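Structure first, then comments.
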Amino acid sequence: DIEIPESHPRYQSLLTRHRIEAGVEKGITSRQGLIAQGRGEAFDYLLGEQTIPSADEAARAAAAHLLLAEHPVISVNGNVAALCPEETVELANAADADIEVNLFNRTDERMQAIVDHLREHGADEVKGLTADGRIPGINHERAKVDADGIGSADVVVVPLEDGDRAEALGEMEKVEIVVDLNPMSRSAQVASVPIVDNIIRAVPNMTEHVRELQDATREELEAIVGDFDADEALDAAEQAIRSGGDE
Ligand code: PTJ
């Protein structure tokens with residue numbers, strides 16, 4: 001790893017950039033992933049690089065959904081694998097969820113590299129290589145999922161998803177938890193639970209909420225889910241962006 005002094009005002013941002021760069025070098029992140037990260041950073045800057053209250057509430061609702069789920073799956077792409085592999089494994093363990101690699105720009109090499117990378121970071125089983133299921137309505141490569149993974153999931157966490165697939169997954173009647181720094185992106189707009197936060201903060205935050213809610217009753221979890229309003233959360237995030245981080 002490179003040396004960035006922790007006192008540097010842009011420490012987190014520089015570290016994140018370095019992780020994405022290293023991801024590209026390792027063959028796990030696509031070059032388009034660099035562009036996606038740049039786009040995300042711009043929104044994060046406007047949010048004050050913090051978890052705003054509405055995003056924290058969304059993460060709590062996401063945690064409640066994960067605990068209520070029969071078969072929750074966390075989808076991982078090249079950016080997520082580079083930015084927070086360990087934290088993703090921790091969330092999967094806490095929520096008893098499957099991890100599935102699912103790529104926008106799918107190649108066998110990158111699929112395998114990401115599976116290996118997640119295993120190096122503590123994952124047991126990583127799905128995605130079987131690819132015997134399909135998401136209806138989108139083109140072949142991007143539609144590939146595991147039938148016993150995302151294919152049969154009732155709750156899916158899809159961080160940094162592209163709009164088309166987010167929409168198609170939504171049409172499959174799955175609860176879709178989207179992590180995306182852009183509240184105006186189509187993925188965030190179609191999500192059951194949009195979390196407008198940086199993935200590096202949102203994933204550990206979801207894990208914390210899962211742990212807090214571990215002993216909650218079904219009724220309590222259902223109440224949290226029922227009280228959450230996706231449109232309100234998106235409006236609050238947009239408001240925060242317009243006012244430099246305050247909702
Ligand atoms: O690894 P692959 O092949 O699956 O490709 C992944 C990318 C991210 C390249 C692909 O899904 C893509 O092109 O995504 P988009 O359409 O650029 O959308 C990425 C969205 O994620 C944008 O709305 C960004 O604002 C947002 N984003 C980028 N970095 C982060 C983020 N949101 C949260 N945390 C981030 N670190």
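Letters for chains follow the order of the structure tokens (A, B, ...), residue numbers begin at 1 for each chain, and ligand numbers begin at 1 in the order shown.
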
| A:Leu118: which residues within 9 Å, counting only C-alpha atoms, same-chain residues fewer than 6 positions away excluded, as a VMD selection string? | chain A and resid 81 85 to 86 88 to 89 124 126

| task | Show which residues sit within 8 Å of A:Ala58, as an NGL selection string. Count only C-alpha atoms, and ignore same-chain residues fewer than 6 positions away. | result | :A and (193-195 or 228 or 233)

I need the residues from that last selection saved to file as a compact mmCIF listing (two decimals), in the first residue's frame (with N, CA, C and O atoms), if you can.
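Output contents, as saved in again_36.txt:
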# COMPACT_ATOMS: atom_id res chain seq x y z
N VAL A 193 -34.99 0.40 -1.27
CA VAL A 193 -34.26 1.17 -0.26
C VAL A 193 -33.02 1.78 -0.91
O VAL A 193 -32.03 1.07 -1.14
N PRO A 194 -33.03 3.06 -1.24
CA PRO A 194 -31.83 3.70 -1.76
C PRO A 194 -30.98 4.24 -0.61
O PRO A 194 -31.48 4.97 0.23
N ILE A 195 -29.72 3.84 -0.58
CA ILE A 195 -28.80 4.39 0.44
C ILE A 195 -27.84 5.33 -0.28
O ILE A 195 -26.98 4.88 -1.03
N PHE A 228 -40.13 3.29 6.52
CA PHE A 228 -39.15 3.89 5.61
C PHE A 228 -39.82 4.36 4.31
O PHE A 228 -40.61 3.62 3.71
N ALA A 233 -36.32 9.79 1.41
CA ALA A 233 -34.87 9.63 1.58
C ALA A 233 -34.14 10.27 0.40
O ALA A 233 -33.11 10.95 0.58

Could you please extract the residues within 9 Å of ligand 1, counting only C-alpha atoms and all ligand atoms, and hand them back as a short mmCIF file (atom, residue, chain, number, x, y, z; two decimals) with all heavy atoms, in the first residue's frame?
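So result_34.cif came out as:
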data_model
loop_
_atom_site.label_atom_id
_atom_site.label_comp_id
_atom_site.auth_asym_id
_atom_site.auth_seq_id
_atom_site.Cartn_x
_atom_site.Cartn_y
_atom_site.Cartn_z
N THR A 16 -9.21 5.80 -1.07
CA THR A 16 -10.21 5.19 -1.91
C THR A 16 -9.74 5.14 -3.36
O THR A 16 -9.84 4.12 -4.04
CB THR A 16 -11.53 5.99 -1.81
OG1 THR A 16 -11.88 6.06 -0.43
CG2 THR A 16 -12.64 5.36 -2.59
N ILE A 28 -9.35 -6.69 -11.13
CA ILE A 28 -10.68 -6.89 -10.57
C ILE A 28 -11.63 -5.74 -10.89
O ILE A 28 -12.83 -5.92 -10.96
CB ILE A 28 -10.65 -7.17 -9.04
CG1 ILE A 28 -10.05 -6.01 -8.25
CG2 ILE A 28 -9.90 -8.42 -8.72
CD1 ILE A 28 -10.00 -6.30 -6.76
N THR A 29 -11.08 -4.56 -11.08
CA THR A 29 -11.92 -3.39 -11.38
C THR A 29 -11.77 -3.06 -12.86
O THR A 29 -10.67 -3.14 -13.41
CB THR A 29 -11.49 -2.19 -10.52
OG1 THR A 29 -11.46 -2.60 -9.15
CG2 THR A 29 -12.44 -1.02 -10.66
N SER A 30 -12.90 -2.67 -13.49
CA SER A 30 -12.83 -2.31 -14.91
C SER A 30 -12.33 -0.87 -15.03
O SER A 30 -12.42 -0.10 -14.08
CB SER A 30 -14.22 -2.42 -15.54
OG SER A 30 -15.06 -1.40 -15.03
N ARG A 31 -11.85 -0.51 -16.22
CA ARG A 31 -11.41 0.87 -16.39
C ARG A 31 -12.60 1.82 -16.28
O ARG A 31 -12.47 2.94 -15.81
CB ARG A 31 -10.67 1.04 -17.72
CG ARG A 31 -9.21 0.57 -17.59
CD ARG A 31 -8.47 0.73 -18.87
NE ARG A 31 -9.12 -0.08 -19.91
CZ ARG A 31 -8.79 -0.03 -21.19
NH1 ARG A 31 -7.84 0.77 -21.61
NH2 ARG A 31 -9.41 -0.81 -22.07
N GLN A 32 -13.77 1.34 -16.66
CA GLN A 32 -14.97 2.16 -16.47
C GLN A 32 -15.25 2.40 -15.00
O GLN A 32 -15.88 3.38 -14.63
CB GLN A 32 -16.19 1.45 -17.08
CG GLN A 32 -16.26 1.62 -18.56
CD GLN A 32 -17.64 1.21 -19.07
OE1 GLN A 32 -18.63 1.30 -18.35
NE2 GLN A 32 -17.68 0.76 -20.30
N GLY A 33 -14.74 1.48 -14.18
CA GLY A 33 -14.90 1.62 -12.73
C GLY A 33 -14.21 2.88 -12.22
O GLY A 33 -14.65 3.48 -11.23
N LEU A 34 -13.11 3.26 -12.88
CA LEU A 34 -12.40 4.49 -12.50
C LEU A 34 -13.29 5.71 -12.73
O LEU A 34 -13.34 6.63 -11.92
CB LEU A 34 -11.11 4.65 -13.33
CG LEU A 34 -9.98 3.66 -13.12
CD1 LEU A 34 -8.93 3.83 -14.21
CD2 LEU A 34 -9.35 3.85 -11.75
N ILE A 35 -13.99 5.67 -13.85
CA ILE A 35 -14.87 6.80 -14.19
C ILE A 35 -16.04 6.84 -13.21
O ILE A 35 -16.41 7.90 -12.71
CB ILE A 35 -15.38 6.65 -15.64
CG1 ILE A 35 -14.20 6.66 -16.61
CG2 ILE A 35 -16.38 7.75 -15.98
CD1 ILE A 35 -14.54 6.23 -18.02
N ALA A 36 -16.58 5.66 -12.91
CA ALA A 36 -17.70 5.58 -11.96
C ALA A 36 -17.28 6.14 -10.61
O ALA A 36 -18.03 6.88 -9.96
CB ALA A 36 -18.16 4.14 -11.82
N GLN A 37 -16.07 5.82 -10.18
CA GLN A 37 -15.57 6.30 -8.89
C GLN A 37 -15.47 7.82 -8.89
O GLN A 37 -15.85 8.48 -7.92
CB GLN A 37 -14.20 5.67 -8.60
CG GLN A 37 -13.47 6.24 -7.38
CD GLN A 37 -14.20 6.00 -6.07
OE1 GLN A 37 -14.99 5.05 -5.96
NE2 GLN A 37 -13.98 6.86 -5.10
N GLY A 38 -14.98 8.39 -10.02
CA GLY A 38 -14.86 9.84 -10.12
C GLY A 38 -16.22 10.50 -9.99
O GLY A 38 -16.38 11.52 -9.31
N ARG A 39 -17.20 9.88 -10.62
CA ARG A 39 -18.55 10.42 -10.54
C ARG A 39 -19.06 10.37 -9.10
O ARG A 39 -19.61 11.34 -8.58
CB ARG A 39 -19.48 9.61 -11.44
CG ARG A 39 -20.66 10.42 -11.82
CD ARG A 39 -21.62 9.85 -12.81
NE ARG A 39 -21.18 8.80 -13.68
CZ ARG A 39 -22.05 8.01 -14.30
NH1 ARG A 39 -23.33 8.16 -14.08
NH2 ARG A 39 -21.64 7.09 -15.11
N GLY A 40 -18.84 9.25 -8.47
CA GLY A 40 -19.27 9.10 -7.08
C GLY A 40 -18.60 10.11 -6.16
O GLY A 40 -19.25 10.73 -5.32
N GLU A 41 -17.30 10.29 -6.35
CA GLU A 41 -16.54 11.23 -5.51
C GLU A 41 -17.11 12.64 -5.55
O GLU A 41 -17.11 13.35 -4.55
CB GLU A 41 -15.10 11.32 -6.01
CG GLU A 41 -14.15 10.43 -5.27
CD GLU A 41 -12.73 10.63 -5.76
OE1 GLU A 41 -12.34 11.75 -6.13
OE2 GLU A 41 -12.00 9.63 -5.79
N ALA A 42 -17.54 13.05 -6.72
CA ALA A 42 -18.08 14.40 -6.86
C ALA A 42 -19.32 14.57 -5.98
O ALA A 42 -19.46 15.56 -5.28
CB ALA A 42 -18.41 14.68 -8.32
N PHE A 43 -20.18 13.54 -5.99
CA PHE A 43 -21.37 13.61 -5.14
C PHE A 43 -20.99 13.54 -3.66
O PHE A 43 -21.58 14.24 -2.83
CB PHE A 43 -22.34 12.48 -5.48
CG PHE A 43 -23.10 12.73 -6.75
CD1 PHE A 43 -22.77 12.08 -7.91
CD2 PHE A 43 -24.15 13.65 -6.76
CE1 PHE A 43 -23.45 12.33 -9.09
CE2 PHE A 43 -24.84 13.90 -7.93
CZ PHE A 43 -24.49 13.24 -9.10
N ASP A 44 -19.99 12.72 -3.35
CA ASP A 44 -19.59 12.57 -1.96
C ASP A 44 -19.04 13.90 -1.42
O ASP A 44 -19.32 14.28 -0.28
CB ASP A 44 -18.53 11.46 -1.83
CG ASP A 44 -18.53 10.83 -0.44
OD1 ASP A 44 -19.49 11.08 0.32
OD2 ASP A 44 -17.57 10.10 -0.12
N VAL A 76 -21.74 -8.18 -5.83
CA VAL A 76 -20.44 -7.51 -5.78
C VAL A 76 -19.92 -7.28 -7.20
O VAL A 76 -19.91 -8.19 -8.01
CB VAL A 76 -19.41 -8.37 -4.99
CG1 VAL A 76 -18.01 -7.78 -5.08
CG2 VAL A 76 -19.82 -8.48 -3.53
N ASN A 77 -19.53 -6.04 -7.49
CA ASN A 77 -18.91 -5.75 -8.79
C ASN A 77 -17.43 -5.38 -8.57
O ASN A 77 -16.91 -5.49 -7.45
CB ASN A 77 -19.69 -4.67 -9.54
CG ASN A 77 -19.64 -3.31 -8.85
OD1 ASN A 77 -18.79 -3.05 -8.00
ND2 ASN A 77 -20.56 -2.45 -9.22
N GLY A 78 -16.79 -4.94 -9.63
CA GLY A 78 -15.35 -4.67 -9.56
C GLY A 78 -14.98 -3.50 -8.66
O GLY A 78 -13.88 -3.48 -8.10
N ASN A 79 -15.88 -2.56 -8.50
CA ASN A 79 -15.59 -1.42 -7.61
C ASN A 79 -15.75 -1.81 -6.15
O ASN A 79 -14.91 -1.48 -5.31
CB ASN A 79 -16.54 -0.25 -7.93
CG ASN A 79 -16.14 0.47 -9.20
OD1 ASN A 79 -15.95 -0.18 -10.23
ND2 ASN A 79 -16.01 1.78 -9.14
N VAL A 80 -16.82 -2.53 -5.86
CA VAL A 80 -17.08 -2.96 -4.48
C VAL A 80 -15.96 -3.88 -4.01
O VAL A 80 -15.45 -3.75 -2.89
CB VAL A 80 -18.44 -3.68 -4.39
CG1 VAL A 80 -18.70 -4.18 -2.99
CG2 VAL A 80 -19.55 -2.75 -4.83
N ALA A 81 -15.55 -4.81 -4.88
CA ALA A 81 -14.49 -5.76 -4.51
C ALA A 81 -13.20 -5.02 -4.18
O ALA A 81 -12.47 -5.39 -3.26
CB ALA A 81 -14.25 -6.75 -5.65
N LEU A 83 -12.96 -1.77 -3.20
CA LEU A 83 -13.09 -0.77 -2.13
C LEU A 83 -13.34 -1.36 -0.75
O LEU A 83 -12.83 -0.84 0.24
CB LEU A 83 -14.23 0.21 -2.45
CG LEU A 83 -13.98 1.17 -3.61
CD1 LEU A 83 -15.21 2.02 -3.86
CD2 LEU A 83 -12.77 2.06 -3.32
N VAL A 101 -20.85 -12.51 -7.23
CA VAL A 101 -20.18 -11.57 -8.13
C VAL A 101 -21.08 -11.41 -9.36
O VAL A 101 -21.53 -12.38 -9.95
CB VAL A 101 -18.78 -12.07 -8.56
CG1 VAL A 101 -18.11 -11.06 -9.49
CG2 VAL A 101 -17.92 -12.33 -7.33
N ASN A 102 -21.35 -10.17 -9.70
CA ASN A 102 -22.26 -9.89 -10.80
C ASN A 102 -21.74 -8.64 -11.50
O ASN A 102 -21.68 -7.58 -10.90
CB ASN A 102 -23.66 -9.67 -10.22
CG ASN A 102 -24.71 -9.61 -11.29
OD1 ASN A 102 -25.11 -8.54 -11.72
ND2 ASN A 102 -25.15 -10.76 -11.75
N LEU A 103 -21.29 -8.79 -12.74
CA LEU A 103 -20.58 -7.69 -13.39
C LEU A 103 -21.35 -7.07 -14.54
O LEU A 103 -22.05 -7.75 -15.30
CB LEU A 103 -19.22 -8.17 -13.91
CG LEU A 103 -18.26 -8.70 -12.86
CD1 LEU A 103 -16.94 -9.08 -13.51
CD2 LEU A 103 -18.04 -7.70 -11.75
N PHE A 104 -21.16 -5.77 -14.67
CA PHE A 104 -21.70 -5.04 -15.81
C PHE A 104 -20.88 -5.42 -17.05
O PHE A 104 -21.42 -5.77 -18.09
CB PHE A 104 -21.59 -3.54 -15.51
CG PHE A 104 -22.13 -2.66 -16.59
CD1 PHE A 104 -23.49 -2.59 -16.82
CD2 PHE A 104 -21.29 -1.88 -17.36
CE1 PHE A 104 -24.01 -1.77 -17.81
CE2 PHE A 104 -21.79 -1.06 -18.35
CZ PHE A 104 -23.14 -1.00 -18.58
N ASN A 105 -19.56 -5.35 -16.92
CA ASN A 105 -18.66 -5.77 -18.00
C ASN A 105 -18.10 -7.13 -17.65
O ASN A 105 -17.00 -7.25 -17.14
CB ASN A 105 -17.51 -4.76 -18.16
CG ASN A 105 -18.03 -3.38 -18.50
OD1 ASN A 105 -18.64 -3.17 -19.54
ND2 ASN A 105 -17.80 -2.43 -17.61
N ARG A 106 -18.87 -8.16 -17.94
CA ARG A 106 -18.50 -9.50 -17.47
C ARG A 106 -17.45 -10.15 -18.36
O ARG A 106 -17.63 -10.25 -19.57
CB ARG A 106 -19.76 -10.38 -17.45
CG ARG A 106 -19.56 -11.74 -16.82
CD ARG A 106 -20.82 -12.59 -17.00
NE ARG A 106 -20.58 -13.91 -16.45
CZ ARG A 106 -21.09 -14.33 -15.28
NH1 ARG A 106 -21.86 -13.56 -14.58
NH2 ARG A 106 -20.83 -15.55 -14.85
N THR A 107 -16.33 -10.59 -17.75
CA THR A 107 -15.38 -11.47 -18.44
C THR A 107 -15.06 -12.59 -17.46
O THR A 107 -15.13 -12.40 -16.24
CB THR A 107 -14.05 -10.77 -18.83
OG1 THR A 107 -13.35 -10.42 -17.63
CG2 THR A 107 -14.27 -9.53 -19.68
N ARG A 110 -12.15 -11.65 -15.04
CA ARG A 110 -12.47 -10.72 -13.96
C ARG A 110 -13.38 -11.39 -12.93
O ARG A 110 -13.22 -11.17 -11.73
CB ARG A 110 -13.09 -9.44 -14.52
CG ARG A 110 -12.70 -8.20 -13.70
CD ARG A 110 -12.59 -6.97 -14.55
NE ARG A 110 -13.86 -6.61 -15.13
CZ ARG A 110 -14.85 -5.98 -14.47
NH1 ARG A 110 -14.69 -5.62 -13.21
NH2 ARG A 110 -15.97 -5.69 -15.07
N ARG A 142 -24.94 -9.30 -19.24
CA ARG A 142 -25.28 -8.60 -18.01
C ARG A 142 -26.42 -9.26 -17.27
O ARG A 142 -26.69 -8.94 -16.11
CB ARG A 142 -25.60 -7.14 -18.31
CG ARG A 142 -24.37 -6.37 -18.73
CD ARG A 142 -24.74 -5.08 -19.39
NE ARG A 142 -25.66 -4.32 -18.57
CZ ARG A 142 -26.64 -3.56 -19.05
NH1 ARG A 142 -26.83 -3.47 -20.34
NH2 ARG A 142 -27.42 -2.89 -18.25
N PRO A 159 -24.87 -2.59 -4.83
CA PRO A 159 -24.16 -1.33 -4.77
C PRO A 159 -23.67 -0.91 -6.16
O PRO A 159 -23.30 -1.77 -6.97
CB PRO A 159 -22.95 -1.63 -3.88
CG PRO A 159 -23.10 -3.05 -3.42
CD PRO A 159 -24.05 -3.71 -4.36
N LEU A 160 -23.72 0.37 -6.45
CA LEU A 160 -23.20 0.93 -7.70
C LEU A 160 -23.71 0.19 -8.94
O LEU A 160 -22.96 -0.21 -9.80
CB LEU A 160 -21.67 0.85 -7.73
CG LEU A 160 -20.83 1.83 -6.97
CD1 LEU A 160 -20.88 1.54 -5.48
CD2 LEU A 160 -19.39 1.76 -7.41
N GLU A 161 -25.00 0.02 -8.99
CA GLU A 161 -25.58 -0.74 -10.10
C GLU A 161 -25.91 0.19 -11.26
O GLU A 161 -26.17 1.38 -11.05
CB GLU A 161 -26.85 -1.42 -9.57
CG GLU A 161 -27.57 -2.30 -10.55
CD GLU A 161 -26.71 -3.44 -11.04
OE1 GLU A 161 -25.78 -3.18 -11.82
OE2 GLU A 161 -26.98 -4.59 -10.68
N ASP A 162 -25.91 -0.31 -12.47
CA ASP A 162 -26.36 0.53 -13.58
C ASP A 162 -27.89 0.49 -13.64
O ASP A 162 -28.51 -0.47 -13.18
CB ASP A 162 -25.70 0.11 -14.90
CG ASP A 162 -26.50 -0.93 -15.64
OD1 ASP A 162 -26.56 -2.08 -15.14
OD2 ASP A 162 -27.08 -0.61 -16.68
N GLY A 163 -28.46 1.54 -14.20
CA GLY A 163 -29.91 1.74 -14.12
C GLY A 163 -30.76 0.64 -14.74
O GLY A 163 -31.76 0.22 -14.17
N VAL A 179 -26.95 1.01 -3.13
CA VAL A 179 -26.05 2.01 -2.56
C VAL A 179 -25.51 2.83 -3.72
O VAL A 179 -24.87 2.28 -4.62
CB VAL A 179 -24.88 1.35 -1.79
CG1 VAL A 179 -23.97 2.43 -1.18
CG2 VAL A 179 -25.39 0.41 -0.71
N ASP A 180 -25.81 4.10 -3.74
CA ASP A 180 -25.38 4.96 -4.84
C ASP A 180 -25.32 6.40 -4.35
O ASP A 180 -26.28 6.89 -3.75
CB ASP A 180 -26.39 4.84 -6.01
CG ASP A 180 -25.87 5.44 -7.31
OD1 ASP A 180 -25.22 6.50 -7.28
OD2 ASP A 180 -26.13 4.83 -8.36
N LEU A 181 -24.20 7.05 -4.59
CA LEU A 181 -24.03 8.43 -4.11
C LEU A 181 -24.87 9.44 -4.89
O LEU A 181 -25.02 10.57 -4.45
CB LEU A 181 -22.56 8.82 -4.17
CG LEU A 181 -21.73 8.34 -2.96
CD1 LEU A 181 -20.26 8.29 -3.30
CD2 LEU A 181 -21.98 9.22 -1.76
N ASN A 182 -25.39 9.04 -6.03
CA ASN A 182 -26.20 9.96 -6.83
C ASN A 182 -27.69 9.69 -6.62
O ASN A 182 -28.22 8.70 -7.13
CB ASN A 182 -25.83 9.79 -8.32
CG ASN A 182 -26.67 10.69 -9.20
OD1 ASN A 182 -27.47 11.49 -8.71
ND2 ASN A 182 -26.48 10.55 -10.50
N PRO A 183 -28.38 10.56 -5.88
CA PRO A 183 -29.79 10.30 -5.61
C PRO A 183 -30.66 10.41 -6.86
O PRO A 183 -31.80 9.96 -6.87
CB PRO A 183 -30.17 11.40 -4.60
CG PRO A 183 -29.20 12.49 -4.81
CD PRO A 183 -27.92 11.84 -5.28
N MET A 184 -30.10 11.00 -7.92
CA MET A 184 -30.87 11.14 -9.16
C MET A 184 -30.63 9.99 -10.14
O MET A 184 -31.23 9.95 -11.21
CB MET A 184 -30.55 12.47 -9.81
CG MET A 184 -31.24 13.62 -9.09
SD MET A 184 -30.38 15.19 -9.24
CE MET A 184 -29.01 15.03 -8.15
N SER A 185 -29.74 9.07 -9.81
CA SER A 185 -29.47 7.96 -10.73
C SER A 185 -30.69 7.05 -10.79
O SER A 185 -31.47 6.97 -9.84
CB SER A 185 -28.24 7.17 -10.28
OG SER A 185 -28.60 6.26 -9.27
N ARG A 186 -30.85 6.39 -11.92
CA ARG A 186 -32.02 5.54 -12.09
C ARG A 186 -32.04 4.40 -11.07
O ARG A 186 -33.10 4.03 -10.56
CB ARG A 186 -32.04 4.98 -13.52
CG ARG A 186 -33.43 4.84 -14.07
CD ARG A 186 -33.52 5.02 -15.57
NE ARG A 186 -32.34 4.60 -16.28
CZ ARG A 186 -32.21 3.44 -16.94
NH1 ARG A 186 -33.18 2.57 -16.94
NH2 ARG A 186 -31.10 3.17 -17.58
N SER A 187 -30.83 3.89 -10.74
CA SER A 187 -30.76 2.80 -9.75
C SER A 187 -31.35 3.25 -8.41
O SER A 187 -32.12 2.54 -7.79
CB SER A 187 -29.32 2.37 -9.51
OG SER A 187 -28.60 2.37 -10.69
N ALA A 188 -30.93 4.44 -7.98
CA ALA A 188 -31.43 4.95 -6.70
C ALA A 188 -32.94 5.18 -6.79
O ALA A 188 -33.67 4.89 -5.84
CB ALA A 188 -30.71 6.25 -6.33
N ILE A 195 -29.72 3.84 -0.58
CA ILE A 195 -28.80 4.39 0.44
C ILE A 195 -27.84 5.33 -0.28
O ILE A 195 -26.98 4.88 -1.03
CB ILE A 195 -28.02 3.26 1.15
CG1 ILE A 195 -28.99 2.23 1.76
CG2 ILE A 195 -27.09 3.84 2.22
CD1 ILE A 195 -28.30 1.04 2.41
N VAL A 196 -28.05 6.63 -0.09
CA VAL A 196 -27.21 7.62 -0.76
C VAL A 196 -26.01 7.90 0.14
O VAL A 196 -26.02 8.78 1.00
CB VAL A 196 -27.99 8.91 -1.08
CG1 VAL A 196 -27.09 9.90 -1.84
CG2 VAL A 196 -29.23 8.58 -1.91
N ASP A 197 -24.98 7.08 -0.05
CA ASP A 197 -23.79 7.14 0.80
C ASP A 197 -22.66 6.45 0.07
O ASP A 197 -22.89 5.65 -0.85
CB ASP A 197 -24.09 6.41 2.13
CG ASP A 197 -23.15 6.82 3.26
OD1 ASP A 197 -22.31 7.72 3.05
OD2 ASP A 197 -23.27 6.23 4.36
N ASN A 198 -21.43 6.75 0.49
CA ASN A 198 -20.29 6.05 -0.10
C ASN A 198 -20.31 4.60 0.36
O ASN A 198 -20.52 4.32 1.55
CB ASN A 198 -18.99 6.74 0.33
CG ASN A 198 -17.83 6.35 -0.56
OD1 ASN A 198 -17.68 5.20 -0.94
ND2 ASN A 198 -17.01 7.33 -0.90
N ILE A 199 -20.05 3.70 -0.57
CA ILE A 199 -20.05 2.27 -0.25
C ILE A 199 -19.10 1.95 0.91
O ILE A 199 -19.39 1.09 1.72
CB ILE A 199 -19.69 1.46 -1.53
CG1 ILE A 199 -19.76 -0.04 -1.29
CG2 ILE A 199 -18.33 1.80 -2.08
CD1 ILE A 199 -21.13 -0.56 -1.29
N ILE A 200 -18.00 2.71 1.00
CA ILE A 200 -17.03 2.41 2.08
C ILE A 200 -17.61 2.75 3.46
O ILE A 200 -17.16 2.23 4.46
CB ILE A 200 -15.66 3.10 1.88
CG1 ILE A 200 -15.78 4.62 1.90
CG2 ILE A 200 -14.99 2.63 0.59
CD1 ILE A 200 -14.42 5.31 1.94
N ARG A 201 -18.61 3.63 3.51
CA ARG A 201 -19.27 3.91 4.79
C ARG A 201 -20.56 3.10 4.93
O ARG A 201 -20.92 2.66 6.03
CB ARG A 201 -19.62 5.40 4.90
CG ARG A 201 -18.41 6.33 4.92
CD ARG A 201 -18.83 7.76 5.25
NE ARG A 201 -19.75 8.32 4.29
CZ ARG A 201 -19.39 9.05 3.21
NH1 ARG A 201 -18.12 9.31 2.99
NH2 ARG A 201 -20.31 9.50 2.39
N ALA A 202 -21.27 2.91 3.82
CA ALA A 202 -22.60 2.28 3.88
C ALA A 202 -22.53 0.81 4.29
O ALA A 202 -23.38 0.34 5.05
CB ALA A 202 -23.30 2.42 2.53
#

| task | Among the residues of stretch 31-208 of chain A, find those DSSP assigns to strand (DSSP E or B) from the backbone and print them as an NGL selection string. | result | :A and (72-76 or 98-101 or 127 or 133-134 or 144-145 or 155-159 or 175-179 or 193-195)

If you keep N, CA and C atoms, can you produce a file of those selected residues as a compact mmCIF listing (two decimals), in the first residue's frame?
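Okay, out15.txt is ready:
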# COMPACT_ATOMS: atom_id res chain seq x y z
N PRO A 72 -31.27 -13.55 1.43
CA PRO A 72 -30.63 -12.30 1.02
C PRO A 72 -29.32 -12.54 0.27
N VAL A 73 -29.07 -11.73 -0.75
CA VAL A 73 -27.81 -11.85 -1.51
C VAL A 73 -27.17 -10.46 -1.66
N ILE A 74 -25.86 -10.41 -1.49
CA ILE A 74 -25.13 -9.16 -1.72
C ILE A 74 -24.38 -9.30 -3.04
N SER A 75 -24.71 -8.43 -3.97
CA SER A 75 -24.09 -8.46 -5.28
C SER A 75 -22.79 -7.65 -5.23
N VAL A 76 -21.74 -8.18 -5.83
CA VAL A 76 -20.44 -7.51 -5.78
C VAL A 76 -19.92 -7.28 -7.20
N ASP A 98 -25.82 -14.52 1.12
CA ASP A 98 -24.87 -15.01 0.11
C ASP A 98 -24.16 -13.83 -0.52
N ILE A 99 -22.96 -14.09 -1.04
CA ILE A 99 -22.24 -13.09 -1.84
C ILE A 99 -22.22 -13.62 -3.27
N GLU A 100 -22.57 -12.76 -4.21
CA GLU A 100 -22.51 -13.17 -5.62
C GLU A 100 -21.81 -12.09 -6.44
N VAL A 101 -20.85 -12.51 -7.23
CA VAL A 101 -20.18 -11.57 -8.13
C VAL A 101 -21.08 -11.41 -9.36
N LYS A 127 -20.75 -16.88 -4.95
CA LYS A 127 -21.52 -17.32 -6.11
C LYS A 127 -21.25 -16.43 -7.32
N GLY A 133 -28.79 -18.82 -14.26
CA GLY A 133 -30.06 -18.08 -14.20
C GLY A 133 -29.95 -16.82 -15.05
N ARG A 134 -31.08 -16.21 -15.35
CA ARG A 134 -31.07 -14.98 -16.16
C ARG A 134 -32.01 -13.94 -15.58
N LYS A 144 -26.64 -12.48 -16.64
CA LYS A 144 -26.26 -13.76 -16.02
C LYS A 144 -26.20 -13.70 -14.49
N VAL A 145 -26.94 -14.60 -13.85
CA VAL A 145 -26.89 -14.75 -12.40
C VAL A 145 -26.91 -16.24 -12.05
N VAL A 155 -34.22 -10.64 -1.25
CA VAL A 155 -33.65 -9.31 -0.97
C VAL A 155 -32.24 -9.27 -1.58
N VAL A 156 -31.98 -8.25 -2.40
CA VAL A 156 -30.65 -8.13 -3.02
C VAL A 156 -30.05 -6.77 -2.70
N VAL A 157 -28.80 -6.78 -2.26
CA VAL A 157 -28.06 -5.53 -2.09
C VAL A 157 -27.26 -5.32 -3.36
N VAL A 158 -27.54 -4.23 -4.06
CA VAL A 158 -26.81 -3.96 -5.30
C VAL A 158 -26.13 -2.60 -5.23
N PRO A 159 -24.87 -2.59 -4.83
CA PRO A 159 -24.16 -1.33 -4.77
C PRO A 159 -23.67 -0.91 -6.16
N VAL A 175 -36.82 -7.28 -3.27
CA VAL A 175 -36.52 -6.04 -2.54
C VAL A 175 -35.10 -5.66 -2.93
N GLU A 176 -34.96 -4.44 -3.45
CA GLU A 176 -33.66 -4.04 -3.96
C GLU A 176 -33.08 -2.93 -3.09
N ILE A 177 -31.94 -3.21 -2.49
CA ILE A 177 -31.24 -2.22 -1.67
C ILE A 177 -30.09 -1.68 -2.51
N VAL A 178 -30.17 -0.41 -2.89
CA VAL A 178 -29.15 0.17 -3.77
C VAL A 178 -28.27 1.12 -2.97
N VAL A 179 -26.95 1.01 -3.13
CA VAL A 179 -26.05 2.01 -2.56
C VAL A 179 -25.51 2.83 -3.72
N VAL A 193 -34.99 0.40 -1.27
CA VAL A 193 -34.26 1.17 -0.26
C VAL A 193 -33.02 1.78 -0.91
N PRO A 194 -33.03 3.06 -1.24
CA PRO A 194 -31.83 3.70 -1.76
C PRO A 194 -30.98 4.24 -0.61
N ILE A 195 -29.72 3.84 -0.58
CA ILE A 195 -28.80 4.39 0.44
C ILE A 195 -27.84 5.33 -0.28

| 10 Å contact set for A:Met172, only C-alpha atoms, chain neighbours under 5 positions out, as a VMD selection string | chain A and resid 135 to 136 151 to 154 167
